[in-house]
Structures are given as structure tokens and as C-alpha cells.
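Q: Dropping a structure here in C-alpha cells format, bear with me for questions.
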Amino acid sequence: QQSLKHHLYGNATFLAERLHAHAPSEDSVHVLASCHFAAGEKVRAYHVLQGCHAAHNRYLLALCCLELGHLNEAERVLLGPAAPGTAGGAHAPPAEAADVPNGAAGLYLLGASRRRATSRARSNSTRTYGARTRASASLA
């Protein structure tokens, strides 16, 4: 933690790897993934967090997913393993929203993920419409 506090990410990562090798747990995974995330290694943090179920790890995994553009996965991770129908931007019932890790911060990530997914879908549909319009014009 001291190395992270002083932005010594290489040292922090080394120590976190040793900790996790000595005593593997959800907490040691969180420390290691936090080191990778702070060092800008989002892909490594993402892979380290795969399969974790603790709330603090789900939140960090959702952050990684959002940074990497895995929007549906970010939503699924935030809503937890028992969240039916979360793929494709479906909205969660209020009861499921209570299971989002880190309270308001987790709900903010959930909203950001859905906003980006909606924006991406609109952008894709606009491109498709524009391509069809250009193709129709060239045939005429």
C-alpha cells in the first residue's frame, strides 16, 4: 500500500505478486489488480480479476471493463452473478440495483456503461443508415 501511495507501481506490483503467491485470496487479488490498474495496465488488471466475486473486486473489474470498452460485461459484473437479462443493455429492476458494489459509485459506473452502450448503438445505426442511403443514391 505504501508503494502505491508513493506511485512506485513497479515495486507495488512486485510486492502484490509475492503477497498473492504466498496467501491467495480475494483481498490479495484486489491489491494486485489495483497495482496493475494504477500503473495503467488495465488488461492485466482485467485478467487478474476474472472469476472474483467479492464486491470490491467486481467494482474494479467493472472499471476495467468500462476502460476497455466491454460495456455489456461491465453491466453484468456490476449487477452480479444472479442478474438475468443484463446483456444487450436491458435495464435492471430496482431490487437488483441494491446489489451493485460501492453504492453510488457503482451505480454511476452502471449508468456510464449504459450511456456508452446506447451512444454506440445509435452511432452504429446512423452509420448503417448512411451507408444504405449512399448505396441507394449510387444505384439511382
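Following the order of the C-alpha cells, first chain is A, next is B, and so on, with residues numbered from 1 inside each chain and ligands from 1 in the order they appear.
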Write out as a ChimeraX atom specification which residues come within 12 Å of Arg116 in chain A when counting only C-alpha atoms, dropping same-chain ones fewer than 2 positions away.

A: /A:66-67,69-72,74-75,89,109-114,118-123

Q: Might you pull out every residue within 8 Å of His56 in chain A, with only C-alpha atoms counted and same-chain residues fewer than 3 positions away left off, and present them as a PyMOL selection string?

A: chain A and resi 30+59-60+101-102

Q: Can you pull out the residues contacting Glu41 in chain A? Cut-off 12 Å, using only C-alpha atoms, and skip same-chain residues under 4 positions away; I want them as a PyMOL selection string.

A: chain A and resi 9-10+13+32-37+45-48+64+67-68

Q: Go ahead and save the residues from that selection, with C-alpha atoms, as a PDB file, in the first residue's frame.

A:
ATOM      1  CA  TYR A   9       3.878   0.966  -9.242  1.00  0.00           C
ATOM      2  CA  GLY A  10       6.608  -1.489 -10.228  1.00  0.00           C
ATOM      3  CA  THR A  13       3.142  -4.822  -8.254  1.00  0.00           C
ATOM      4  CA  LEU A  32      -2.570  -6.936  -7.268  1.00  0.00           C
ATOM      5  CA  ALA A  33      -5.277  -5.730  -9.647  1.00  0.00           C
ATOM      6  CA  SER A  34      -5.202  -2.270  -8.046  1.00  0.00           C
ATOM      7  CA  CYS A  35      -1.459  -2.091  -8.708  1.00  0.00           C
ATOM      8  CA  HIS A  36      -1.947  -3.016 -12.358  1.00  0.00           C
ATOM      9  CA  PHE A  37      -4.842  -0.569 -12.725  1.00  0.00           C
ATOM     10  CA  ALA A  45      -5.960  -5.988 -14.020  1.00  0.00           C
ATOM     11  CA  TYR A  46      -8.923  -7.282 -16.043  1.00  0.00           C
ATOM     12  CA  HIS A  47      -7.390 -10.764 -16.352  1.00  0.00           C
ATOM     13  CA  VAL A  48      -6.333 -10.913 -12.697  1.00  0.00           C
ATOM     14  CA  CYS A  64     -11.527  -2.229 -16.220  1.00  0.00           C
ATOM     15  CA  GLU A  67     -11.971   1.392 -19.789  1.00  0.00           C
ATOM     16  CA  LEU A  68     -11.549  -1.473 -22.266  1.00  0.00           C
TER      17      LEU A  68
END

Q: If I take CA of Leu4 in chain A and CA of Ala23 in chain A, how far is one from the other in Å, to one decimal?

A: 19.5 Å

Q: Identify, with DSSP run on backbone atoms, the residues in range 1-96 of chain A assigned to alpha helix (DSSP H), and express the list as number ranges by chain.

A: A: 2-5, 9-22, 26-38, 42-49, 55-68, 71-79, 94-96

Q: Please compute the CA of Leu49 in chain A-CA of Glu17 in chain A distance, one decimal, in Å.

A: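 Distance reported for this atom pair: 13.4 Å.
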
Q: Rounded to one decimal, what separation in Å do you get between CA of Gln1 in chain A and CA of Phe14 in chain A?

A: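 Value for the CA of Gln1 in chain A-CA of Phe14 in chain A distance: 11.8 Å.
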
Q: Can you tell me, as a ChimeraX atom specification, what residues are no more than 8 Å from Asp99 in chain A when counting only C-alpha atoms, ignoring any on the same chain fewer than 5 positions away?

A: /A:78-80
